[in-house]
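Next comes my_file-v9.cif, with mmCIF, C-alpha atoms.
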```
data_query
#
loop_
_atom_site.label_atom_id
_atom_site.label_comp_id
_atom_site.auth_asym_id
_atom_site.auth_seq_id
_atom_site.Cartn_x
_atom_site.Cartn_y
_atom_site.Cartn_z
CA MET A 875 147.47 138.30 97.28
CA SER A 876 147.90 135.11 95.22
CA LYS A 877 146.38 134.87 91.73
CA VAL A 878 143.96 132.19 92.95
CA LYS A 879 142.70 134.40 95.75
CA LEU A 880 142.49 137.41 93.43
CA TYR A 881 140.41 135.46 90.90
CA SER A 882 138.16 134.22 93.71
CA VAL A 883 137.53 137.77 94.90
CA MET A 884 136.78 138.90 91.33
CA ILE A 885 134.32 136.04 90.78
CA CYS A 886 132.55 136.73 94.08
CA ALA A 887 132.24 140.42 93.18
CA ALA A 888 130.82 139.55 89.79
CA VAL A 889 128.29 137.15 91.30
CA LEU A 890 127.16 139.81 93.78
CA ALA A 891 126.76 142.31 90.96
CA PHE A 892 124.69 139.80 89.00
CA CYS A 893 122.42 139.12 91.98
CA ALA A 894 121.88 142.84 92.51
CA THR A 895 121.14 143.77 88.89
CA GLY A 896 120.01 140.56 87.23
CA SER A 897 122.82 140.77 84.66
CA PHE A 898 126.55 141.43 84.38
CA VAL A 899 127.00 145.14 83.76
CA GLY A 900 130.50 146.46 83.40
CA ALA A 901 131.62 150.03 83.99
CA GLY A 902 130.72 152.23 81.06
CA GLU A 903 128.39 149.69 79.49
CA THR A 904 124.99 150.75 78.20
CA ILE A 905 121.81 149.14 79.49
CA SER A 906 119.19 149.30 76.74
CA LEU A 907 115.56 148.67 77.68
CA LYS A 908 112.97 147.88 75.02
CA ILE A 909 109.63 149.72 75.29
CA GLY A 910 106.65 148.88 73.10
CA PHE A 911 103.62 150.83 71.87
CA VAL A 912 100.65 149.81 69.74
CA ASP A 913 100.50 153.39 68.47
CA ALA A 914 102.20 154.93 65.45
CA GLU A 915 105.58 156.66 65.54
CA ALA A 916 103.97 160.10 65.30
CA HIS A 917 101.89 159.56 68.48
CA SER A 918 102.60 161.74 71.50
CA TYR A 919 103.54 158.64 73.53
CA VAL A 920 106.38 157.82 71.15
CA ILE A 921 107.52 161.43 70.73
CA ALA A 922 107.69 161.88 74.52
CA THR A 923 109.55 158.59 74.93
CA LYS A 924 112.17 159.68 72.38
CA TRP A 925 112.68 162.73 74.57
CA MET A 926 113.04 160.44 77.62
CA ASP A 927 115.67 158.38 75.81
CA GLU A 928 117.70 161.50 75.04
CA GLU A 929 117.43 162.69 78.63
CA LEU A 930 118.43 159.30 80.05
CA ASN A 931 121.41 159.26 77.72
CA LYS A 932 122.51 162.71 78.94
CA ARG A 933 121.78 162.26 82.65
CA THR A 934 123.39 158.81 82.92
CA ASN A 935 126.34 159.50 80.62
CA GLY A 936 125.09 156.89 78.18
CA ARG A 937 124.64 154.14 80.76
CA LEU A 938 120.87 153.87 80.29
CA ARG A 939 118.89 154.06 77.04
CA LEU A 940 115.42 153.24 75.72
CA GLU A 941 114.89 151.25 72.53
CA ILE A 942 111.48 152.22 71.16
CA PHE A 943 109.18 149.86 69.22
CA HIS A 944 105.98 151.46 67.92
CA SER A 945 103.00 150.31 65.82
CA GLY A 946 102.56 147.02 67.65
CA GLN A 947 106.01 145.65 66.80
CA LEU A 948 106.20 143.93 70.20
CA GLY A 949 102.58 142.75 70.09
CA ASN A 950 99.25 144.09 71.29
CA GLU A 951 98.80 145.53 74.78
CA ARG A 952 97.68 142.27 76.37
CA GLU A 953 100.65 140.43 74.89
CA MET A 954 103.07 143.12 76.04
CA TYR A 955 101.71 143.06 79.59
CA GLU A 956 101.94 139.28 79.77
CA GLY A 957 105.47 139.53 78.35
CA SER A 958 106.43 141.99 81.09
CA GLN A 959 105.01 139.67 83.73
CA ILE A 960 107.36 136.88 82.62
CA GLY A 961 110.26 139.20 81.76
CA SER A 962 110.35 138.82 77.97
CA ILE A 963 109.26 142.48 77.48
CA ASP A 964 111.24 145.18 79.30
CA ILE A 965 108.63 147.95 79.32
CA CYS A 966 105.00 147.59 78.28
CA THR A 967 102.45 150.33 77.68
CA VAL A 968 98.89 149.22 78.44
CA VAL A 969 95.60 151.10 78.52
CA ASN A 970 93.49 150.85 81.70
CA ALA A 971 90.65 149.09 79.83
CA VAL A 972 93.03 146.19 79.12
CA LEU A 973 94.66 146.32 82.55
CA SER A 974 91.30 145.81 84.24
CA SER A 975 91.22 142.25 82.90
CA PHE A 976 94.38 141.62 84.96
CA VAL A 977 93.47 143.91 87.88
CA PRO A 978 89.65 143.69 88.20
CA GLU A 979 89.54 146.52 90.74
CA MET A 980 90.66 148.92 87.98
CA ALA A 981 87.28 148.44 86.27
CA VAL A 982 86.16 151.57 88.12
CA LEU A 983 88.23 153.55 85.60
CA ASP A 984 86.45 151.92 82.65
CA GLN A 985 83.20 153.78 83.35
CA PRO A 986 82.13 156.12 80.54
CA PHE A 987 81.62 159.86 81.07
CA LEU A 988 83.62 160.12 84.31
CA PHE A 989 85.36 163.37 83.38
CA ASP A 990 84.37 166.74 81.97
CA HIS A 991 87.94 168.01 81.50
CA GLN A 992 91.45 166.63 81.01
CA SER A 993 92.66 168.18 84.27
CA GLU A 994 90.14 166.08 86.23
CA ALA A 995 91.51 162.86 84.75
CA GLN A 996 95.11 163.89 85.38
CA ALA A 997 94.40 164.77 89.01
CA LEU A 998 92.67 161.43 89.57
CA ILE A 999 95.39 159.18 88.15
CA ASN A 1000 98.07 161.12 90.04
CA GLY A 1001 96.22 160.59 93.32
CA LYS A 1002 95.29 157.71 95.59
CA LEU A 1003 93.58 155.65 92.90
CA GLY A 1004 96.67 155.76 90.70
CA GLU A 1005 98.78 154.58 93.64
CA MET A 1006 96.37 151.73 94.38
CA SER A 1007 96.47 150.64 90.73
CA ALA A 1008 100.27 150.75 90.62
CA GLU A 1009 100.53 148.63 93.77
CA LYS A 1010 98.22 145.94 92.36
CA ILE A 1011 100.22 145.88 89.13
CA ARG A 1012 103.52 145.68 91.06
CA GLN A 1013 102.21 142.55 92.80
CA GLN A 1014 102.00 140.98 89.33
CA GLY A 1015 105.67 141.65 88.62
CA VAL A 1016 105.35 144.97 86.76
CA HIS A 1017 106.49 148.38 88.10
CA VAL A 1018 104.39 151.34 86.95
CA VAL A 1019 106.81 154.22 86.33
CA GLY A 1020 104.36 156.64 84.72
CA TRP A 1021 100.93 157.17 83.20
CA PHE A 1022 100.56 158.35 79.63
CA GLU A 1023 97.20 159.87 78.70
CA SER A 1024 95.41 159.59 75.37
CA ASP A 1025 92.94 162.46 75.74
CA PHE A 1026 89.21 161.84 75.29
CA ARG A 1027 88.11 159.04 73.01
CA ASN A 1028 85.54 159.73 70.29
CA VAL A 1029 83.77 157.72 67.60
CA TYR A 1030 84.97 157.79 63.98
CA CYS A 1031 82.77 156.12 61.39
CA ASN A 1032 81.67 155.90 57.75
CA ARG A 1033 78.37 157.77 58.13
CA PRO A 1034 77.13 160.97 59.81
CA VAL A 1035 75.85 160.70 63.38
CA ASN A 1036 74.00 163.61 64.96
CA ARG A 1037 71.72 161.83 67.44
CA ILE A 1038 71.72 158.56 69.33
CA GLU A 1039 69.24 156.98 66.88
CA ASP A 1040 71.88 157.28 64.13
CA PHE A 1041 74.02 154.78 66.02
CA LYS A 1042 71.44 152.00 65.72
CA GLY A 1043 72.91 148.88 64.07
CA MET A 1044 76.38 150.37 63.60
CA LYS A 1045 79.19 147.82 63.99
CA LEU A 1046 81.75 149.56 66.18
CA ARG A 1047 85.22 148.31 67.03
CA VAL A 1048 85.68 148.57 70.79
CA MET A 1049 88.34 147.53 73.26
CA GLU A 1050 88.16 144.01 74.66
CA ASN A 1051 86.48 145.11 77.86
CA PRO A 1052 83.09 144.03 79.28
CA ILE A 1053 82.00 147.54 80.28
CA GLN A 1054 82.87 149.00 76.88
CA ILE A 1055 81.04 146.19 75.09
CA GLY A 1056 77.98 146.47 77.35
CA THR A 1057 77.65 150.25 77.18
CA TRP A 1058 77.98 150.49 73.38
CA ASN A 1059 75.43 147.73 72.92
CA ALA A 1060 73.11 149.66 75.24
CA MET A 1061 73.38 152.66 72.91
CA GLY A 1062 72.11 150.58 70.01
CA LEU A 1063 75.42 149.73 68.38
CA ILE A 1064 76.93 146.30 67.75
CA ALA A 1065 80.13 146.30 69.82
CA THR A 1066 82.90 144.40 68.05
CA PRO A 1067 86.13 143.83 70.03
CA MET A 1068 89.35 143.55 68.02
CA SER A 1069 93.04 144.44 68.17
CA PRO A 1070 94.01 148.03 67.23
CA THR A 1071 96.25 146.66 64.48
CA GLU A 1072 93.19 145.19 62.70
CA ILE A 1073 91.06 148.36 62.63
CA PHE A 1074 92.17 149.84 59.29
CA THR A 1075 91.59 146.66 57.30
CA ALA A 1076 88.26 146.03 59.04
CA LEU A 1077 87.07 149.55 58.15
CA GLN A 1078 88.35 149.20 54.60
CA GLN A 1079 86.55 145.89 54.09
CA ARG A 1080 83.41 147.19 55.87
CA THR A 1081 83.65 144.43 58.48
CA ILE A 1082 82.97 147.29 60.89
CA ASP A 1083 81.34 150.70 60.35
CA GLY A 1084 83.46 152.60 62.80
CA ALA A 1085 85.73 152.57 65.82
CA GLU A 1086 86.46 154.72 68.85
CA GLY A 1087 89.69 156.30 69.98
CA GLY A 1088 91.78 159.45 70.09
CA ILE A 1089 91.56 162.02 67.31
CA LEU A 1090 95.33 162.00 66.84
CA ASN A 1091 95.18 158.28 66.02
CA ILE A 1092 92.71 158.99 63.22
CA LEU A 1093 95.34 161.17 61.57
CA ASN A 1094 98.44 159.09 62.39
CA SER A 1095 96.89 155.80 61.29
CA ALA A 1096 95.24 157.33 58.20
CA PHE A 1097 91.77 156.21 59.30
CA TYR A 1098 90.47 159.27 57.42
CA GLU A 1099 91.04 157.23 54.25
CA VAL A 1100 88.30 154.80 55.26
CA THR A 1101 86.11 156.99 57.52
CA ARG A 1102 84.93 160.53 56.95
CA HIS A 1103 83.04 161.32 60.15
CA VAL A 1104 84.02 161.94 63.77
CA VAL A 1105 81.42 162.12 66.54
CA TYR A 1106 82.33 164.08 69.68
CA THR A 1107 81.22 161.47 72.22
CA LYS A 1108 84.05 162.17 74.70
CA HIS A 1109 82.93 158.93 76.32
CA LEU A 1110 86.20 157.82 77.86
CA TYR A 1111 89.52 159.25 79.00
CA SER A 1112 92.16 156.56 78.78
CA PHE A 1113 95.21 156.09 80.97
CA VAL A 1114 98.15 154.12 79.60
CA ALA A 1115 100.49 152.63 82.19
CA ALA A 1116 104.20 152.37 81.42
CA GLY A 1117 105.19 149.19 83.24
CA VAL A 1118 108.72 147.88 83.76
CA SER A 1119 109.16 144.13 84.23
CA ASP A 1120 110.84 142.86 87.40
CA ARG A 1121 113.69 141.53 85.28
CA ALA A 1122 114.28 144.89 83.58
CA TRP A 1123 113.87 146.81 86.85
CA ASN A 1124 116.55 144.68 88.46
CA ARG A 1125 118.91 145.39 85.55
CA ILE A 1126 118.84 149.11 86.33
CA PRO A 1127 121.65 149.92 88.84
CA ASP A 1128 120.40 151.42 92.09
CA ASP A 1129 122.17 154.74 91.46
CA LEU A 1130 120.28 155.13 88.15
CA LYS A 1131 116.80 154.21 89.39
CA PRO A 1132 116.01 157.73 90.79
CA ILE A 1133 117.12 159.27 87.47
CA PHE A 1134 115.02 156.77 85.53
CA LEU A 1135 111.91 157.57 87.61
CA GLN A 1136 112.45 161.33 87.37
CA VAL A 1137 112.84 161.21 83.59
CA PHE A 1138 109.61 159.20 83.26
CA LYS A 1139 107.78 161.69 85.48
CA GLU A 1140 108.97 164.63 83.40
CA GLY A 1141 108.37 162.72 80.18
CA THR A 1142 104.78 161.80 80.97
CA ASP A 1143 104.08 165.41 82.07
CA TYR A 1144 105.48 166.54 78.72
CA GLN A 1145 103.32 163.98 76.91
CA HIS A 1146 100.14 165.27 78.61
CA HIS A 1147 100.68 168.78 77.24
CA LEU A 1148 101.88 167.49 73.89
CA ALA A 1149 98.79 165.29 73.50
CA MET A 1150 96.44 168.27 73.79
CA GLU A 1151 98.46 170.30 71.28
CA LEU A 1152 98.64 167.44 68.80
CA THR A 1153 94.90 166.75 69.16
CA ASP A 1154 94.13 170.34 68.19
CA MET A 1155 96.53 170.10 65.27
CA ALA A 1156 95.07 166.77 64.14
CA THR A 1157 91.52 168.14 64.28
CA GLU A 1158 92.40 171.04 62.00
CA ARG A 1159 94.29 168.85 59.53
CA LEU A 1160 91.49 166.28 59.38
CA LYS A 1161 89.00 169.04 58.61
CA LYS A 1162 91.03 171.08 56.15
CA GLU A 1163 93.26 168.52 54.43
CA HIS A 1164 91.20 165.34 54.52
CA GLY A 1165 87.58 166.48 54.43
CA VAL A 1166 86.54 164.84 57.70
CA THR A 1167 83.30 166.14 59.19
CA PHE A 1168 82.99 166.51 62.97
CA HIS A 1169 79.58 166.04 64.63
CA THR A 1170 78.25 166.94 68.07
CA ILE A 1171 75.73 164.72 69.82
CA ASP A 1172 73.54 165.00 72.92
CA LEU A 1173 75.76 163.43 75.59
CA GLU A 1174 72.92 163.34 78.11
CA ALA A 1175 71.00 161.00 75.77
CA LEU A 1176 74.01 158.67 75.69
CA LYS A 1177 74.33 158.74 79.48
CA GLN A 1178 70.64 157.95 79.92
CA ALA A 1179 70.84 155.03 77.48
CA ILE A 1180 73.65 153.34 79.40
CA ALA A 1181 72.39 154.13 82.92
CA PRO A 1182 70.62 150.77 83.51
CA VAL A 1183 73.55 148.65 82.34
CA MET A 1184 76.06 150.78 84.29
CA THR A 1185 74.03 150.24 87.48
CA GLY A 1186 74.63 146.53 87.02
CA PHE A 1187 78.33 146.96 86.29
CA ARG A 1188 78.87 149.20 89.33
CA ALA A 1189 77.25 146.60 91.57
CA GLN A 1190 79.93 144.14 90.42
CA MET A 1191 82.86 146.51 90.99
CA ASP A 1192 85.06 146.54 94.05
CA GLN A 1193 83.07 148.83 96.33
CA THR A 1194 86.12 150.12 98.20
CA TRP A 1195 87.74 151.23 94.95
CA LEU A 1196 84.46 152.69 93.72
CA LYS A 1197 84.13 154.74 96.91
CA VAL A 1198 87.70 156.04 96.57
CA LEU A 1199 87.04 157.06 92.97
CA GLU A 1200 83.78 158.83 93.81
CA GLU A 1201 85.26 160.68 96.80
CA GLU A 1202 88.39 161.77 94.93
CA LEU A 1203 86.43 162.82 91.88
CA ALA A 1204 83.99 164.87 93.98
CA VAL A 1205 86.89 166.82 95.51
CA ILE A 1206 88.56 167.31 92.11
CA LYS A 1207 85.38 168.56 90.43
CA ALA A 1208 84.61 170.90 93.35
CA LYS A 1209 88.02 172.56 92.93
CA ARG A 1210 87.28 173.27 89.25
CA LYS A 1211 84.05 175.15 90.02
#
```

Hey, can you dump this file as structure tokens for me?
Amino acid sequence: MSKVKLYSVMICAAVLAFCATGSFVGAGETISLKIGFVDAEAHSYVIATKWMDEELNKRTNGRLRLEIFHSGQLGNEREMYEGSQIGSIDICTVVNAVLSSFVPEMAVLDQPFLFDHQSEAQALINGKLGEMSAEKIRQQGVHVVGWFESDFRNVYCNRPVNRIEDFKGMKLRVMENPIQIGTWNAMGLIATPMSPTEIFTALQQRTIDGAEGGILNILNSAFYEVTRHVVYTKHLYSFVAAGVSDRAWNRIPDDLKPIFLQVFKEGTDYQHHLAMELTDMATERLKKEHGVTFHTIDLEALKQAIAPVMTGFRAQMDQTWLKVLEEELAVIKAKRK
């Protein structure tokens, strides 16, 4: 074969490889994908993802790695999702309450007090509703490869709360989500949407009186320095989608995609168990080391307060999705009895 023909064959092969993967990847080269979190380095999401990176390194002989950016280094969740849609972010992690502004049907998951136990939430997101959500997100150019879970969200604030009347007039940071804003206002609070990265300063400056989120975050983000009370509202169980951009997905060689998916499945399963363990640990440390007081509250009173506004929100939801959620949840709860 002449040199000209040989070079032509080599160029054609390279072009075909580029079309298949979205980039030139030589044998033995490492593909590094950036994944972003708004949460601190000590969060279970980040710990589990470090494990995934190690496993990918071992199982692909160093061909595939994850580069982890925590604490909002790649932006907030909305910015990361939009970045993944256009391909500037490889892997975003986005809570369902933010995703519902891009996929309105997912608003059914934003309803407070859906679950009584973590296992119910896990069964739901791993079922039909999780598949429906992933398909809608895929249509927007993002491939869901796993669901992290943040355990139940609770209120942390700068004053004791033992009954619903104690909430009256409290300025509470909430996620930028219509249902969350509407339900907290219905309970007598002043819902104040803002980015997670702004919470500490807002609490410190008394711009807000409290916020809501996972107990582990209170410890990891040192919110105990500016709040001394946690209220067991258990109002929401959040799902955080790990979404790979089309551009990044196409960079992963076909022979590595099954490994990538398997590692994310195992990694998110690991994170679910780790989250519960770390929540228990964080609770004890907040009590014993940082003097945080934990309060119980009548959850039925909270549910009754939001019932009228939730009737209105449910009427606006996609009724097909709402029916799927209610049917799946009924089966899941029946199995737990």

Item checked: Who sits within 10 Å of range 1026-1039 of chain A, all atoms listed in the file, same chain under 4 positions skipped, as a PyMOL selection string -> chain A and resi 987+989-992+995+1043-1048+1061-1063+1077-1078+1080+1082-1092+1097-1098+1100-1112+1150+1153+1166-1173+1175-1176+1179

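Comparing the minimum interatomic distances between Lys1207 in chain A and each of A:Leu998, A:Ile1180, A:Val982, A:Leu973, counting all atoms listed in the file, we find that A:Leu998 sits nearest.
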
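We find CA of Glu1050 in chain A and CA of Glu1200 in chain A to be spaced 24.6 Å apart.
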
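Ranking A:Val972, A:Val920, A:Val1118, A:Val912 by their shortest atom-to-atom distance to Thr1142 in chain A, with all atoms listed in the file included, puts A:Val920 first.
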
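Using only C-alpha atoms, the nearest neighbour of Glu915 in chain A within the list A:Leu1093, A:Gly1020, A:Gly1001, A:Glu1140 is A:Leu1093.
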
Item checked: Given all atoms listed in the file as the counted atoms, nearest of A:Met954, A:Asp1025, A:Arg933, A:Glu994 to Val1205 in chain A -> A:Glu994

Could I get the residues of range 996-1038 of chain A with an atom no further than 12 Å from an atom of range 922-928 of chain A, each paired with its nearest atom pair and that distance in Å to one decimal, using all atoms listed in the file, sorted by chain and residue number, as a tab-separated table?
```
residue	atom	partner	partner_atom	distance
A:Gly1020	CA	A:Thr923	CA	11.3
A:Trp1021	CA	A:Ala922	CA	12.0
A:Phe1022	CA	A:Ala922	CA	9.5
A:Glu1023	CA	A:Ala922	CA	11.5
```

Check: Applied to the shown file, which residues does the PyMOL selection byres ((chain A and resi 1121) around 8) return, written as a PyMOL selection string?
Finding: chain A and resi 896+961+964+1119-1120+1122-1125

Checklist line | Atomic distance CA of Glu1009 in chain A - CA of His1147 in chain A, expressed in Å with one decimal | finding: 26.1 Å

Next item on the list: Rounded to one decimal place, report the CA of Thr904 in chain A-CA of Arg939 in chain A distance in Å.
Entry: 7.0 Å

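Closest approach to Arg1012 in chain A among A:Val1183, A:Met1068, A:Ala1116, A:Ile905 is made by A:Ala1116 (distances from only C-alpha atoms).
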
Check: Skipping near chain neighbours, those fewer than 2 positions away, what residues fall within 9 Å of Met980 in chain A using only C-alpha atoms, listed as JSON, numbers by chain?
Finding: {"A": [970, 971, 973, 974, 975, 976, 977, 978, 982, 983, 984, 1003, 1007, 1191, 1192, 1195]}

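Candidate residues A:Thr1075, A:Asn1000, A:Ser1095, A:Asn1059 were compared for distance to Lys1139 in chain A, and the nearest is A:Asn1000, using only C-alpha atoms.
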
Test item: axis-aligned box, all listed atoms of range 1104-1108 of chain A, 3 Å on each side, centre and edges in Å rounded to one decimal, as AutoDock Vina command-line options:
```
--center_x 82.6 --center_y 162.8 --center_z 69.2 --size_x 8.8 --size_y 8.6 --size_z 16.9
```
